file my_file_28.txt (compact mmCIF, C-alpha atoms)
# COMPACT_ATOMS: atom_id res chain seq x y z
CA MET A 74 0.00 0.00 0.00
CA VAL A 75 1.81 3.00 -1.34
CA LEU A 76 0.86 6.68 -1.22
CA HIS A 77 2.18 8.19 -4.45
CA THR A 78 2.76 11.94 -4.25
CA VAL A 79 2.76 13.58 -7.67
CA SER A 80 3.90 17.18 -7.88
CA ALA A 81 4.21 17.70 -11.62
CA GLY A 82 2.63 16.56 -14.86
CA PRO A 83 5.53 14.48 -16.26
CA GLY A 84 5.68 12.22 -13.21
CA LEU A 85 2.03 11.27 -13.46
CA ALA A 86 2.24 8.88 -16.41
CA ASP A 87 5.17 6.97 -14.93
CA CYS A 88 3.39 6.84 -11.58
CA LEU A 89 0.16 5.48 -13.02
CA ALA A 90 2.08 2.86 -15.00
CA LEU A 91 3.52 1.48 -11.79
CA ALA A 92 0.77 2.01 -9.18
CA ALA A 93 -1.00 -1.04 -7.75
CA PRO A 94 -4.76 -1.31 -7.09
CA ASP A 95 -4.41 -0.79 -3.33
CA ASP A 96 -2.32 2.38 -3.68
CA ALA A 97 -3.49 5.99 -3.54
CA LEU A 98 -2.44 9.21 -5.21
CA LEU A 99 -1.94 12.61 -3.60
CA LEU A 100 -1.50 15.56 -5.94
CA LEU A 101 0.79 18.34 -4.73
CA GLY A 102 2.06 21.56 -6.26
CA ASP A 103 1.59 21.60 -10.02
CA GLY A 104 0.25 18.07 -9.74
CA VAL A 105 -3.16 19.47 -8.83
CA TYR A 106 -3.66 20.65 -12.42
CA SER A 107 -3.66 17.01 -13.53
CA ALA A 108 -7.07 16.50 -11.97
CA MET A 109 -8.83 19.26 -13.89
CA SER A 110 -12.01 17.76 -15.27
CA GLY A 111 -12.04 17.13 -18.97
CA SER A 112 -8.26 17.17 -19.31
CA ASP A 113 -6.29 14.24 -20.74
CA THR A 114 -4.60 13.66 -17.42
CA ALA A 115 -7.95 13.61 -15.62
CA ALA A 116 -9.07 10.79 -17.89
CA ALA A 117 -5.96 8.82 -16.99
CA LEU A 118 -6.52 9.49 -13.29
CA GLU A 119 -10.09 8.25 -13.43
CA ALA A 120 -9.11 5.20 -15.46
CA SER A 121 -6.60 4.25 -12.77
CA GLY A 122 -9.37 3.59 -10.26
CA LEU A 123 -7.12 4.81 -7.46
CA PRO A 124 -8.32 6.95 -4.55
CA LEU A 125 -7.36 10.53 -5.45
CA TYR A 126 -6.35 13.32 -3.10
CA ALA A 127 -5.14 16.88 -3.63
CA LEU A 128 -3.48 19.23 -1.15
CA GLY A 129 -5.79 22.12 -0.28
CA GLN A 130 -3.03 24.72 -0.10
CA ASP A 131 -2.07 24.00 -3.71
CA VAL A 132 -5.63 23.59 -5.01
CA LEU A 133 -6.52 27.03 -3.63
CA ALA A 134 -3.34 28.67 -4.92
CA ALA A 135 -3.90 27.27 -8.40
CA GLY A 136 -7.55 28.29 -8.37
CA VAL A 137 -8.74 24.87 -9.49
CA SER A 138 -11.26 24.04 -6.76
CA ALA A 139 -14.22 24.27 -9.11
CA TYR A 140 -12.44 22.38 -11.87
CA LEU A 141 -11.34 19.25 -10.07
CA LEU A 142 -12.75 15.80 -10.76
CA ALA A 143 -15.57 15.04 -8.32
CA SER A 144 -13.69 11.97 -7.17
CA VAL A 145 -10.76 14.02 -5.79
CA THR A 146 -10.74 14.56 -2.05
CA VAL A 147 -9.09 17.83 -1.05
CA VAL A 148 -7.03 17.40 2.10
CA ASP A 149 -5.30 19.63 4.60
CA PHE A 150 -1.91 18.90 6.19
CA ASP A 151 -3.42 16.99 9.07
CA ALA A 152 -5.18 14.65 6.65
CA PHE A 153 -1.95 14.38 4.61
CA VAL A 154 -0.18 13.07 7.72
CA ALA A 155 -3.10 10.72 8.35
CA LEU A 156 -2.63 9.33 4.84
CA THR A 157 1.00 8.58 5.61
CA GLU A 158 -0.11 6.78 8.76
CA ALA A 159 -2.51 4.60 6.79
CA PHE A 160 -0.15 3.94 3.89
CA SER A 161 3.08 2.42 5.12
CA ARG A 162 5.08 3.68 2.16
CA GLN A 163 5.22 6.95 0.28
CA LEU A 164 6.85 7.48 -3.10
CA ASN A 165 7.53 10.93 -4.53
CA TRP A 166 7.18 11.36 -8.28
CA PRO A 167 9.32 14.28 -9.34
CA MET B 132 5.52 6.82 14.94
CA LYS B 133 8.98 8.02 14.08
CA TYR B 134 9.25 10.04 10.89
CA ALA B 135 12.26 11.18 8.89
CA LEU B 136 11.90 13.60 5.96
CA VAL B 137 13.98 14.15 2.85
CA VAL B 138 13.80 17.43 0.93
CA LEU B 139 15.18 17.39 -2.62
CA ASP B 140 14.07 20.80 -3.90
CA SER B 141 15.50 24.25 -3.41
CA PRO B 142 13.17 26.69 -1.62
CA SER B 143 13.47 28.81 -4.75
CA SER B 144 12.00 26.10 -7.00
CA GLY B 145 8.34 25.63 -6.33
CA THR B 146 6.51 24.72 -3.15
CA ALA B 147 7.81 21.28 -2.23
CA SER B 148 10.06 22.54 0.55
CA ALA B 149 7.37 24.74 2.12
CA THR B 150 4.94 21.83 1.92
CA ALA B 151 7.50 19.64 3.67
CA ALA B 152 7.90 22.18 6.50
CA ARG B 153 4.14 22.36 6.99
CA PHE B 154 3.92 18.57 6.87
CA ALA B 155 6.60 18.51 9.57
CA GLU B 156 4.51 20.78 11.81
CA ALA B 157 1.39 18.70 11.18
CA LEU B 158 2.99 15.38 11.98
CA ILE B 159 4.31 16.75 15.27
CA SER B 160 0.83 18.12 16.08
CA ARG B 161 -0.56 14.66 15.53
CA GLY B 162 1.82 13.33 18.16
CA HIS B 163 4.49 11.76 15.97
CA GLU B 164 8.22 12.17 16.41
CA LEU B 165 10.29 13.86 13.70
CA SER B 166 13.83 12.56 14.08
CA GLN B 167 15.52 14.48 11.29
CA VAL B 168 15.00 16.41 8.10
CA PHE B 169 17.69 15.75 5.48
CA PHE B 170 18.20 18.36 2.78
CA PHE B 171 19.73 16.70 -0.24
CA ASP B 172 20.65 17.63 -3.80
CA ALA B 173 19.01 21.00 -4.62
CA GLY B 174 17.41 20.91 -1.17
CA ALA B 175 20.81 21.82 0.26
CA ASP B 176 20.13 25.40 -0.90
CA THR B 177 17.74 25.68 2.03
CA GLY B 178 20.69 26.12 4.37
CA LEU B 179 22.01 29.23 2.63
CA SER B 180 22.35 31.96 5.23
CA SER B 181 22.35 34.86 2.76
CA ARG B 182 18.78 34.42 1.54
CA VAL B 183 16.56 37.46 1.94
CA ALA B 184 12.83 36.80 2.19
CA MET B 185 10.74 39.31 0.27
CA GLN B 186 7.77 40.96 1.93
CA GLY B 187 4.55 39.12 1.12
CA GLU B 188 6.31 36.15 -0.45
CA LEU B 189 6.50 32.58 0.79
CA ASP B 190 9.32 32.41 3.33
CA THR B 191 10.18 28.74 3.14
CA VAL B 192 13.40 29.00 5.11
CA GLY B 193 11.47 30.89 7.82
CA LEU B 194 9.09 27.93 8.04
CA TRP B 195 12.02 25.58 8.55
CA ARG B 196 13.67 27.81 11.14
CA SER B 197 10.41 27.71 13.03
CA VAL B 198 10.23 23.91 12.88
CA ALA B 199 13.75 23.73 14.30
CA ALA B 200 13.26 26.40 16.95
CA THR B 201 9.83 25.28 18.15
CA HIS B 202 10.37 21.55 18.15
CA GLY B 203 14.12 21.04 18.29
CA VAL B 204 14.14 19.09 15.03
CA GLU B 205 17.55 18.60 13.45
CA LEU B 206 17.85 20.09 9.96
CA VAL B 207 20.77 18.38 8.24
CA VAL B 208 22.17 19.57 4.93
CA CYS B 209 24.04 16.94 2.89
CA VAL B 210 27.70 17.94 2.76
CA ALA B 211 28.30 16.87 -0.86
CA SER B 212 25.20 18.69 -2.11
CA ALA B 213 26.02 21.70 0.06
CA LEU B 214 29.56 22.12 -1.22
CA ARG B 215 28.40 21.99 -4.82
CA ARG B 216 25.89 24.73 -4.06
CA GLY B 217 28.10 26.98 -2.00
CA VAL B 218 26.49 26.22 1.34
CA ILE B 219 29.54 25.91 3.52
CA ASP B 220 30.24 26.05 7.22
CA VAL B 221 33.31 27.63 8.80
CA THR B 222 35.45 24.49 8.49
CA GLU B 223 34.68 23.96 4.84
CA ALA B 224 35.14 27.67 4.09
CA GLN B 225 38.65 27.52 5.55
CA ARG B 226 39.45 24.21 3.89
CA HIS B 227 38.46 25.46 0.46
CA GLU B 228 39.71 29.01 0.95
CA LYS B 229 36.30 30.59 0.51
CA PRO B 230 35.43 34.06 1.87
CA GLY B 231 33.28 32.83 4.73
CA SER B 232 30.60 30.52 6.05
CA THR B 233 27.25 30.60 4.26
CA LEU B 234 25.45 28.07 6.44
CA ASP B 235 22.34 29.34 8.21
CA GLU B 236 22.57 28.72 11.96
CA ALA B 237 19.37 26.67 12.07
CA PHE B 238 21.03 23.98 9.96
CA SER B 239 23.92 21.58 10.38
CA ILE B 240 26.01 19.86 7.72
CA GLY B 241 26.25 16.08 7.57
CA GLY B 242 27.11 13.18 5.28
CA LEU B 243 24.70 10.76 3.62
CA GLY B 244 25.32 8.42 6.54
CA ARG B 245 22.99 10.67 8.53
CA LEU B 246 20.16 9.92 6.10
CA VAL B 247 20.95 6.21 5.99
CA GLU B 248 20.94 6.09 9.77
CA ALA B 249 17.70 8.07 10.08
CA SER B 250 15.91 5.84 7.54
CA ALA B 251 17.09 2.71 9.30
CA GLU B 252 15.24 3.86 12.41
CA ALA B 253 12.22 5.58 10.93
CA ASP B 254 8.76 4.07 10.68
CA ARG B 255 8.00 6.49 7.89
CA LEU B 256 10.39 8.13 5.41
CA VAL B 257 8.65 10.87 3.43
CA THR B 258 10.39 12.57 0.49
CA PHE B 259 9.45 15.94 -0.95
CA GLY B 260 10.48 17.36 -4.31
CA GLY B 261 12.84 15.97 -6.90
CA ARG B 262 11.97 18.17 -9.85
CA SER B 263 14.79 18.36 -12.32
CA SER B 264 15.66 22.04 -12.39
CA MET C 74 17.40 -1.65 13.51
CA SER C 75 17.41 -1.91 9.76
CA ARG C 76 14.92 -1.13 7.08
CA SER C 77 15.04 -1.87 3.37
CA THR C 78 14.94 0.96 0.88
CA LEU C 79 14.00 0.98 -2.79
CA LEU C 80 15.37 3.89 -4.82
CA VAL C 81 13.39 4.66 -7.98
CA PHE C 82 15.47 6.41 -10.63
CA ARG C 83 13.43 8.31 -13.22
CA HIS C 84 15.77 10.88 -14.71
CA SER C 85 18.48 10.78 -17.36
CA PRO C 86 22.02 11.26 -16.05
CA TYR C 87 23.27 14.72 -17.02
CA GLY C 88 20.22 16.94 -17.43
CA SER C 89 19.79 17.34 -13.69
CA SER C 90 21.66 16.46 -10.53
CA LEU C 91 19.02 13.99 -9.36
CA ALA C 92 20.59 10.92 -10.94
CA ARG C 93 23.91 11.61 -9.24
CA ALA C 94 22.15 12.26 -5.90
CA GLY C 95 20.28 8.95 -6.10
CA LEU C 96 23.44 7.08 -6.99
CA ASP C 97 25.33 8.63 -4.06
CA LEU C 98 22.56 7.56 -1.69
CA ALA C 99 22.64 4.01 -3.09
CA LEU C 100 26.39 3.86 -2.50
CA ALA C 101 26.08 5.28 1.02
CA ALA C 102 23.42 2.72 1.93
CA GLY C 103 25.66 -0.02 0.57
CA ALA C 104 28.61 1.30 2.55
CA PHE C 105 26.53 1.24 5.74
CA GLU C 106 25.35 -2.26 4.87
CA GLN C 107 21.71 -1.26 4.76
CA PRO C 108 19.50 -3.25 2.39
CA VAL C 109 18.95 -1.16 -0.73
CA SER C 110 17.55 -1.95 -4.17
CA VAL C 111 17.46 0.28 -7.21
CA LEU C 112 14.74 0.40 -9.87
CA PHE C 113 15.27 2.28 -13.12
CA THR C 114 12.04 3.35 -14.77
CA GLY C 115 10.84 6.08 -17.14
CA ALA C 116 13.74 8.15 -18.47
CA GLY C 117 15.90 6.63 -15.73
CA VAL C 118 16.64 3.72 -18.07
CA LEU C 119 18.77 6.15 -20.10
CA GLN C 120 21.28 6.11 -17.25
CA LEU C 121 22.21 2.64 -18.42
CA LEU C 122 23.36 3.52 -21.92
CA GLN C 123 26.76 1.88 -22.20
CA GLU C 124 28.37 4.30 -24.63
CA GLN C 125 28.49 7.36 -22.34
CA ASP C 126 31.59 9.48 -22.94
CA THR C 127 31.95 12.56 -20.81
CA GLY C 128 35.38 13.61 -22.07
CA SER C 129 34.09 16.69 -23.89
CA LEU C 130 31.57 17.55 -21.20
CA GLY C 131 34.27 17.30 -18.56
CA ASP C 132 32.11 15.51 -16.02
CA ARG C 133 32.27 12.14 -14.32
CA ASN C 134 31.04 9.24 -16.45
CA TYR C 135 27.80 8.26 -14.81
CA GLY C 136 27.39 5.07 -16.82
CA LYS C 137 30.77 3.80 -15.68
CA ASN C 138 29.86 4.52 -12.06
CA LEU C 139 26.68 2.48 -12.49
CA SER C 140 28.53 -0.53 -13.84
CA SER C 141 30.62 -0.62 -10.70
CA LEU C 142 27.68 -0.67 -8.24
CA PRO C 143 28.01 -4.43 -7.67
CA LEU C 144 31.58 -3.86 -6.48
CA TYR C 145 30.08 -1.82 -3.63
CA GLY C 146 27.78 -4.62 -2.57
CA LEU C 147 24.75 -3.44 -4.52
CA GLU C 148 23.21 -6.36 -6.34
CA SER C 149 19.48 -5.66 -6.40
CA LEU C 150 19.45 -3.61 -9.57
CA TYR C 151 16.31 -3.69 -11.68
CA VAL C 152 15.27 -2.12 -14.95
CA ASP C 153 11.71 -1.58 -16.17
CA GLU C 154 11.61 -3.58 -19.41
CA VAL C 155 8.68 -1.62 -20.84
CA ALA C 156 10.49 1.68 -20.21
CA LEU C 157 13.54 0.24 -21.98
CA SER C 158 11.66 -0.47 -25.15
CA ARG C 159 9.73 2.82 -25.00
CA HIS C 160 13.08 4.59 -24.96
CA GLY C 161 14.40 2.58 -27.86
CA LEU C 162 16.71 0.40 -25.79
CA SER C 163 17.19 -3.32 -25.75
CA LYS C 164 17.23 -5.63 -22.74
CA THR C 165 20.36 -7.30 -24.02
CA ALA C 166 22.41 -4.12 -23.84
CA LEU C 167 22.23 -3.91 -20.04
CA PRO C 168 25.34 -4.25 -17.88
CA ASP C 169 25.60 -7.70 -16.29
CA ALA C 170 24.27 -7.07 -12.82
CA TYR C 171 21.10 -5.33 -14.04
CA SER C 172 17.91 -7.38 -14.43
CA PRO C 173 15.05 -6.38 -16.73
CA VAL C 174 11.76 -6.74 -14.85
CA ASP C 175 8.04 -6.61 -15.60
CA LEU C 176 5.22 -4.68 -13.93
CA GLN C 177 4.33 -7.45 -11.52
CA PHE C 178 7.89 -7.62 -10.26
CA MET C 179 8.11 -3.84 -9.92
CA GLN C 180 4.91 -3.70 -7.90
CA HIS C 181 6.32 -6.46 -5.73
CA LEU C 182 9.44 -4.32 -5.18
CA LEU C 183 7.31 -1.38 -4.08
CA ALA C 184 5.26 -3.57 -1.76
CA THR C 185 8.18 -5.31 -0.08
CA HIS C 186 10.60 -2.48 0.73
CA ASP C 187 10.08 -0.44 3.90
CA HIS C 188 11.00 2.90 2.38
CA LEU C 189 10.71 4.24 -1.17
CA VAL C 190 12.55 7.28 -2.50
CA GLY C 191 12.18 8.73 -6.01
CA PHE C 192 15.00 10.49 -7.85

call {"tool": "encode", "arguments": {"input": "my_file_28.txt", "output": "structure tokens"}}
result
Amino acid sequence: MVLHTVSAGPGLADCLALAAPDDALLLLGDGVYSAMSGSDTAAALEASGLPLYALGQDVLAAGVSAYLLASVTVVDFDAFVALTEAFSRQLNWP
Amino acid sequence: MKYALVVLDSPSSGTASATAARFAEALISRGHELSQVFFFDAGADTGLSSRVAMQGELDTVGLWRSVAATHGVELVVCVASALRRGVIDVTEAQRHEKPGSTLDEAFSIGGLGRLVEASAEADRLVTFGGRSS
Amino acid sequence: MSRSTLLVFRHSPYGSSLARAGLDLALAAGAFEQPVSVLFTGAGVLQLLQEQDTGSLGDRNYGKNLSSLPLYGLESLYVDEVALSRHGLSKTALPDAYSPVDLQFMQHLLATHDHLVGF
């Protein structure tokens, strides 16, 4: 059970190619743009079937709150830590 | 649980480092222990003492200084990464005949062994950044 | 106390400092006798090109450093076989100690190491 943290577009494809069904994805920084509804990356995210999260600080900064896929859960830092408690491993995708 | 963090990005390149500092605060608030933060590769820039934070802009290094001061967390800058980026303490400055130390006092310099040791003992190792810049 | 670490290398060798940083960490873990494995995926497979020649660039030859990893006790070296072919490389051109692996094996690597770090 791995929590994949994706902070940029290029890392997303490699991440999705490797992620397992019981993993989850947290979008950080520029990664939040990947979950904009109707985008190519959003289609890939939905097709993955993985639980999707996005960091609130970055969602707000980017101004994408209203654009995100409905399936994305926006989380604060406390919830981010909670995710790392639940998922024994984290992998950063630069 | 015991956490150790790795920061790979410079505070000048995006938000990964600031996010890591806020994550550090949050994990401590949730009752976990933060044994060490290791600043590696471009992350070594974080320890540069001559940075000037601009009014109204994200002060990432300020966030880290606060983590260290409030919670006593050790902020270790990787020596090899630091040298390459001009982040040098007094000893290295003398050794390499550089004008002076550029290491911010909230940080210490250490080898990769520090990271290896911290990971060996950590329940959770969380890495931030790694953009190629 | 000991925990196993999997390093995931995703970048080509000279365009950024990440590849070198990851390699240095692999070597340090080996030197401290901590269990470490390395997985090359995405553009990271380009680190394995055998014909690297840094004479003109004036930098250390990353490819040569990689070939010597086994000498430092690092034997768990894996290469994403799909990434190899997507980057126009062949499995047969890999240095001896490097094993091409499939998705199932890679997911097993992620699931069985205590810590994962991406470079």

call {"tool": "closest_atom_pairs", "arguments": {"input": "my_file_28.txt", "of": "chain B", "to": "chain A", "cutoff": "10 Å", "atoms": "only C-alpha atoms", "output": "CSV"}}
result
residue,atom,partner,partner_atom,distance
B:Met132,CA,A:Glu158,CA,8.4
B:Tyr134,CA,A:Thr157,CA,9.9
B:Leu139,CA,A:Pro167,CA,9.4
B:Asp140,CA,A:Pro167,CA,9.7
B:Gly145,CA,A:Gly102,CA,7.5
B:Thr146,CA,A:Gly102,CA,6.3
B:Ala147,CA,A:Gly102,CA,7.0
B:Thr150,CA,A:Leu101,CA,8.6
B:Ala151,CA,A:Phe150,CA,9.8
B:Arg153,CA,A:Phe150,CA,7.0
B:Phe154,CA,A:Phe150,CA,5.9
B:Ala155,CA,A:Val154,CA,8.9
B:Glu156,CA,A:Phe150,CA,8.7
B:Ala157,CA,A:Asp151,CA,5.5
B:Leu158,CA,A:Val154,CA,5.8
B:Ile159,CA,A:Val154,CA,9.5
B:Ser160,CA,A:Asp151,CA,8.3
B:Arg161,CA,A:Asp151,CA,7.4
B:His163,CA,A:Val154,CA,9.6
B:Asp254,CA,A:Ser161,CA,8.1
B:Arg255,CA,A:Ser161,CA,7.0
B:Leu256,CA,A:Gln163,CA,7.4
B:Val257,CA,A:Gln163,CA,6.1
B:Thr258,CA,A:Asn165,CA,6.0
B:Phe259,CA,A:Asn165,CA,6.5
B:Gly260,CA,A:Pro167,CA,6.0
B:Gly261,CA,A:Pro167,CA,4.6
B:Arg262,CA,A:Pro167,CA,4.7
B:Ser263,CA,A:Pro167,CA,7.4

call {"tool": "closest_atom_pairs", "arguments": {"input": "my_file_28.txt", "of": "chain A", "to": "segment 136-153 of chain C", "cutoff": "12 Å", "atoms": "all atoms listed in the file", "output": "tab-separated table"}}
result
residue	atom	partner	partner_atom	distance
A:Asp87	CA	C:Asp153	CA	10.8
A:Ala90	CA	C:Asp153	CA	10.7
A:Leu91	CA	C:Asp153	CA	9.8

call {"tool": "closest_atom_pairs", "arguments": {"input": "my_file_28.txt", "of": "chain C", "to": "chain B", "cutoff": "7 Å", "atoms": "all atoms listed in the file", "output": "tab-separated table"}}
result
residue	atom	partner	partner_atom	distance
C:Met74	CA	B:Glu252	CA	6.0
C:Ser75	CA	B:Ala251	CA	4.7
C:Arg76	CA	B:Ala251	CA	4.9
C:Ser89	CA	B:Ser263	CA	5.3
C:Ser90	CA	B:Asp172	CA	6.9
C:Leu91	CA	B:Ser263	CA	6.8
C:Ala94	CA	B:Asp172	CA	6.0
C:Leu98	CA	B:Leu243	CA	6.6
C:Ala101	CA	B:Leu243	CA	6.2
C:Ala102	CA	B:Val247	CA	5.9
C:His188	CA	B:Leu256	CA	6.1
C:Val190	CA	B:Thr258	CA	6.4
C:Phe192	CA	B:Gly261	CA	6.0

call {"tool": "closest_residue", "arguments": {"input": "my_file_28.txt", "among": "C:Thr127, C:Ser85, C:Thr185, C:Gln180", "to": "chain A", "atoms": "all atoms listed in the file"}}
result
C:Gln180

call {"tool": "closest_residue", "arguments": {"input": "my_file_28.txt", "among": "B:Gly241, B:Gly162, B:Gly178, B:Pro230", "to": "Arg196 of chain B", "atoms": "all atoms listed in the file"}}
result
B:Gly178

call {"tool": "closest_residue", "arguments": {"input": "my_file_28.txt", "among": "A:Pro124, A:Gly82, A:Ala93, A:Val147", "to": "chain C", "atoms": "all atoms listed in the file"}}
result
A:Ala93

call {"tool": "atom_distance", "arguments": {"input": "my_file_28.txt", "atom1": "atom CA of Leu167 of chain C", "atom2": "atom CA of Val75 of chain A"}}
result
28.5 Å

call {"tool": "atom_distance", "arguments": {"input": "my_file_28.txt", "atom1": "atom CA of Asp190 of chain B", "atom2": "atom CA of Glu164 of chain B"}}
result
24.1 Å

call {"tool": "build_atoms", "arguments": {"input": "my_file_28.txt", "residues": "segment 129-154 of chain A", "atoms": "N, CA and C atoms", "output": "PDB file, in the frame of the given file"}}
result
ATOM      1  N   GLY A 129      -4.976  20.905  -0.269  1.00  0.00           N
ATOM      2  CA  GLY A 129      -5.790  22.120  -0.280  1.00  0.00           C
ATOM      3  C   GLY A 129      -5.008  23.389  -0.553  1.00  0.00           C
ATOM      4  N   GLN A 130      -3.872  23.532   0.083  1.00  0.00           N
ATOM      5  CA  GLN A 130      -3.030  24.720  -0.100  1.00  0.00           C
ATOM      6  C   GLN A 130      -2.737  24.957  -1.577  1.00  0.00           C
ATOM      7  N   ASP A 131      -2.442  23.888  -2.302  1.00  0.00           N
ATOM      8  CA  ASP A 131      -2.070  24.000  -3.710  1.00  0.00           C
ATOM      9  C   ASP A 131      -3.290  24.131  -4.627  1.00  0.00           C
ATOM     10  N   VAL A 132      -4.386  23.475  -4.241  1.00  0.00           N
ATOM     11  CA  VAL A 132      -5.630  23.590  -5.010  1.00  0.00           C
ATOM     12  C   VAL A 132      -6.111  25.039  -4.978  1.00  0.00           C
ATOM     13  N   LEU A 133      -6.070  25.641  -3.793  1.00  0.00           N
ATOM     14  CA  LEU A 133      -6.520  27.030  -3.630  1.00  0.00           C
ATOM     15  C   LEU A 133      -5.600  27.979  -4.389  1.00  0.00           C
ATOM     16  N   ALA A 134      -4.285  27.782  -4.237  1.00  0.00           N
ATOM     17  CA  ALA A 134      -3.340  28.670  -4.920  1.00  0.00           C
ATOM     18  C   ALA A 134      -3.559  28.639  -6.424  1.00  0.00           C
ATOM     19  N   ALA A 135      -3.743  27.426  -6.951  1.00  0.00           N
ATOM     20  CA  ALA A 135      -3.900  27.270  -8.400  1.00  0.00           C
ATOM     21  C   ALA A 135      -5.248  27.766  -8.888  1.00  0.00           C
ATOM     22  N   GLY A 136      -6.225  27.837  -7.975  1.00  0.00           N
ATOM     23  CA  GLY A 136      -7.550  28.290  -8.370  1.00  0.00           C
ATOM     24  C   GLY A 136      -8.367  27.222  -9.063  1.00  0.00           C
ATOM     25  N   VAL A 137      -8.071  25.944  -8.765  1.00  0.00           N
ATOM     26  CA  VAL A 137      -8.740  24.870  -9.490  1.00  0.00           C
ATOM     27  C   VAL A 137      -9.845  24.162  -8.725  1.00  0.00           C
ATOM     28  N   SER A 138     -10.235  24.703  -7.582  1.00  0.00           N
ATOM     29  CA  SER A 138     -11.260  24.040  -6.760  1.00  0.00           C
ATOM     30  C   SER A 138     -12.492  23.629  -7.547  1.00  0.00           C
ATOM     31  N   ALA A 139     -12.977  24.534  -8.378  1.00  0.00           N
ATOM     32  CA  ALA A 139     -14.220  24.270  -9.110  1.00  0.00           C
ATOM     33  C   ALA A 139     -13.996  23.390 -10.336  1.00  0.00           C
ATOM     34  N   TYR A 140     -12.739  23.120 -10.659  1.00  0.00           N
ATOM     35  CA  TYR A 140     -12.440  22.380 -11.870  1.00  0.00           C
ATOM     36  C   TYR A 140     -12.085  20.920 -11.620  1.00  0.00           C
ATOM     37  N   LEU A 141     -11.837  20.584 -10.360  1.00  0.00           N
ATOM     38  CA  LEU A 141     -11.340  19.250 -10.070  1.00  0.00           C
ATOM     39  C   LEU A 141     -12.381  18.163 -10.315  1.00  0.00           C
ATOM     40  N   LEU A 142     -11.906  16.984 -10.663  1.00  0.00           N
ATOM     41  CA  LEU A 142     -12.750  15.800 -10.760  1.00  0.00           C
ATOM     42  C   LEU A 142     -13.493  15.651  -9.438  1.00  0.00           C
ATOM     43  N   ALA A 143     -14.765  15.225  -9.532  1.00  0.00           N
ATOM     44  CA  ALA A 143     -15.570  15.040  -8.320  1.00  0.00           C
ATOM     45  C   ALA A 143     -14.970  14.005  -7.401  1.00  0.00           C
ATOM     46  N   SER A 144     -14.234  13.072  -7.976  1.00  0.00           N
ATOM     47  CA  SER A 144     -13.690  11.970  -7.170  1.00  0.00           C
ATOM     48  C   SER A 144     -12.454  12.359  -6.372  1.00  0.00           C
ATOM     49  N   VAL A 145     -11.949  13.591  -6.533  1.00  0.00           N
ATOM     50  CA  VAL A 145     -10.760  14.020  -5.790  1.00  0.00           C
ATOM     51  C   VAL A 145     -11.165  14.549  -4.417  1.00  0.00           C
ATOM     52  N   THR A 146     -10.510  14.063  -3.400  1.00  0.00           N
ATOM     53  CA  THR A 146     -10.740  14.560  -2.050  1.00  0.00           C
ATOM     54  C   THR A 146      -9.662  15.581  -1.716  1.00  0.00           C
ATOM     55  N   VAL A 147     -10.071  16.804  -1.396  1.00  0.00           N
ATOM     56  CA  VAL A 147      -9.090  17.830  -1.050  1.00  0.00           C
ATOM     57  C   VAL A 147      -8.754  17.669   0.430  1.00  0.00           C
ATOM     58  N   VAL A 148      -7.460  17.645   0.724  1.00  0.00           N
ATOM     59  CA  VAL A 148      -7.030  17.400   2.100  1.00  0.00           C
ATOM     60  C   VAL A 148      -6.148  18.519   2.638  1.00  0.00           C
ATOM     61  N   ASP A 149      -6.198  18.676   3.968  1.00  0.00           N
ATOM     62  CA  ASP A 149      -5.300  19.630   4.600  1.00  0.00           C
ATOM     63  C   ASP A 149      -4.053  18.863   5.088  1.00  0.00           C
ATOM     64  N   PHE A 150      -3.145  19.559   5.771  1.00  0.00           N
ATOM     65  CA  PHE A 150      -1.910  18.900   6.190  1.00  0.00           C
ATOM     66  C   PHE A 150      -2.138  17.801   7.214  1.00  0.00           C
ATOM     67  N   ASP A 151      -3.117  18.004   8.071  1.00  0.00           N
ATOM     68  CA  ASP A 151      -3.420  16.990   9.070  1.00  0.00           C
ATOM     69  C   ASP A 151      -3.860  15.688   8.391  1.00  0.00           C
ATOM     70  N   ALA A 152      -4.716  15.828   7.380  1.00  0.00           N
ATOM     71  CA  ALA A 152      -5.180  14.650   6.650  1.00  0.00           C
ATOM     72  C   ALA A 152      -4.045  14.034   5.829  1.00  0.00           C
ATOM     73  N   PHE A 153      -3.121  14.870   5.352  1.00  0.00           N
ATOM     74  CA  PHE A 153      -1.950  14.380   4.610  1.00  0.00           C
ATOM     75  C   PHE A 153      -1.138  13.465   5.534  1.00  0.00           C
ATOM     76  N   VAL A 154      -0.911  13.914   6.760  1.00  0.00           N
ATOM     77  CA  VAL A 154      -0.180  13.070   7.720  1.00  0.00           C
ATOM     78  C   VAL A 154      -0.949  11.775   7.950  1.00  0.00           C
TER      79      VAL A 154
END
